[in-house]
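Participant: What follows is a single structure, and I will ask about it in a moment.
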Amino acid sequence: MSQSSPFPSTVAITGLGNMGLPMADHLLRASAAAGGTFLLHGRSPEKAEPLMGRGARWAGAPAGLAGADVILSMLPDLEQLEPIVFGSGCLADAVRTRTVLAIGSTSSPDGVRWFGEQAARRTGGLLRVIDAPVSGGTEGATAGTLSIMVGGDDADVADVRPVLDALGTAVHLGPLGSGQVAKACNQAIVAATVLALGEAAVLAERSGLDVEALFGLLAGGYAGSRVLETRGERIVRRDYRVAGPAKYMVKDLGFALAEARRTATALPQTSTTLAAFTELVARGLGDDDIAITRAFIESLEPEV
């Protein structure tokens with residue numbers, strides 16, 4: 001297929017969590033408009049009932065994903081994807097035609113490179129892998145406005161591009177693993193920013209400032225950001241209902257530092273931020289939204 005390829009005839013998604021489910025809704029619409037087949041796979045079929053009521057089909061076993069032109073994984077990480085692709089009754093053993101697997105989770109760059117090598121070896125090159133981690137949270141997944149960071153061979157990316165275009169804006173950044181490097185950079189910025197917002201909220205409140213008024217003012221200056229836009233009110237209201245679990249920042253920042261070691265790059269800010277999120281999780285706050293940084297800062301003893 002070329003970059004102007006039509007929507008693939010059969011598309012599948014595995015991983016129907018907070019991100020995957022709204023993304024599946026967009027893909028079902030695009031697939032239906034193209035007259036194609038849309039397959040769903042996950043641990044909880046009941047989550048998919050509304051989509052199946054609109055024409056999606058349930059692939060009960062991993063091998064049931066075989067035959068799809070494109071498969072998108074929105075599982076948390078490669079640990080959850082590996083048994084589906086390489087385990088008992090797996091996808092790799094069932095593939096008979098060219099299939100492209102797009103890994104949408106935030107994962108290790110080296111991990112997705114290994115995944116691509118193993119998939120090609122196990123299937124004689126029939127199962128191709130690209131990495132396509134996303135940014136924009138559940139808000140972007142629901143609105144179809146995700147930023148999608150893509151790595152992989154040109155032909156493989158071209159096959160998947162119509163699928164990614166149904167979910168947001170996709171940019172091809174280089175060979176396999178490039179998308180994960182980009183996402184590591186993204187997470188380093190997001191984590192540092194939301195931690196700084198937590199610090200600012202606590203410092204401002206304890207100094208007698210109105211935090212909501214402060215954040216509204218900051219939004220119009222250099223401190224304004226998408227993180228402030230989407231998490232500012234949550235921090236102000238102490239609304240820590242989970243959209244993006246804070247605990248995931250520990251693995252994400254770990255991936256950034258692993259790539260930094262591979263490329264002999266110093267990341268002092270990211271190292272400091274990882275230490276803070278590691279402590280945050282140790283204090284039992286990791287299952288809350290990343291806006292929990294305010295509560296984390298409030299829990300700390302002041303520096304002497």
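Ligands are numbered from 1 in the order shown, chains are lettered A, B, ... in the order of the structure tokens, and residues start at 1 in each chain.
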Going by DSSP on the backbone, which bits of segment 96-267 of chain A are strand (DSSP E)? Write them as a list in words, please.
Facilitator: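 Of segment 96-267 of chain A, the ones in strand (DSSP E) are Thr99, Val100, Leu101, Ala102, Ile103, Leu127, Arg128, Val129, Ile130, Asp131, Val134, Ser135, Leu146, Ser147, Ile148, Met149, Val150, Gly151, Gly168, Thr169, Ala170, Val171, His172, Leu173 and Gly174 of chain A.
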Participant: Show me a table, sorted first by chain and then by increasing residue number, of the residues of segment 91-181 of chain A having an atom at most 12 Å from segment 261-282 of chain A, each with its shortest atom pair and the distance in Å to one decimal, counting only C-alpha atoms and written as a Markdown table.
Facilitator:
| residue | atom | partner | partner_atom | distance |
| --- | --- | --- | --- | --- |
| A:Ser108 | CA | A:Arg262 | CA | 11.9 |
| A:Pro109 | CA | A:Arg262 | CA | 10.5 |
| A:Asp110 | CA | A:Arg262 | CA | 9.7 |
| A:Val181 | CA | A:Thr263 | CA | 11.2 |
Participant: Write out as a list of chain:residue names each polymer residue whose atoms come within 8 Å of segment 165-171 of chain A, counting only C-alpha atoms; drop sequence neighbours fewer than 5 positions from it.
Facilitator: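 Listing them by chain and then by number gives A:Met23, A:His26, A:Leu27, A:Ala30, A:Gly140, A:Ala141, A:Gly144, A:Thr145, A:Leu146, A:Ser147, A:Ile148, A:Met149, A:Val150.
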Participant: Could the residues of segment 199-270 of chain A that have an atom at most 12 Å from segment 72-95 of chain A be listed as JSON lines, each with its closest atom pair and the distance in Å to one decimal, counting only C-alpha atoms and ordered by chain and ascending residue number?
Facilitator:
{"residue": "A:Gly244", "atom": "CA", "partner": "A:Pro76", "partner_atom": "CA", "distance": 11.5}
{"residue": "A:Pro245", "atom": "CA", "partner": "A:Pro76", "partner_atom": "CA", "distance": 11.2}
{"residue": "A:Lys247", "atom": "CA", "partner": "A:Pro76", "partner_atom": "CA", "distance": 11.9}
{"residue": "A:Tyr248", "atom": "CA", "partner": "A:Pro76", "partner_atom": "CA", "distance": 9.1}
{"residue": "A:Lys251", "atom": "CA", "partner": "A:Asp77", "partner_atom": "CA", "distance": 9.8}
{"residue": "A:Asp252", "atom": "CA", "partner": "A:Asp77", "partner_atom": "CA", "distance": 10.3}
{"residue": "A:Phe255", "atom": "CA", "partner": "A:Asp77", "partner_atom": "CA", "distance": 11.7}
Participant: List the spatial neighbours of Gln180 of chain A as a VMD selection string - criterion: any atom at most 12 Å away, only C-alpha atoms, same-chain residues fewer than 6 positions off excluded.
Facilitator: chain A and resid 77 102 to 113 130 to 135 148 to 152 172 to 174 186 to 187 252 to 253 255 to 256 258 to 259
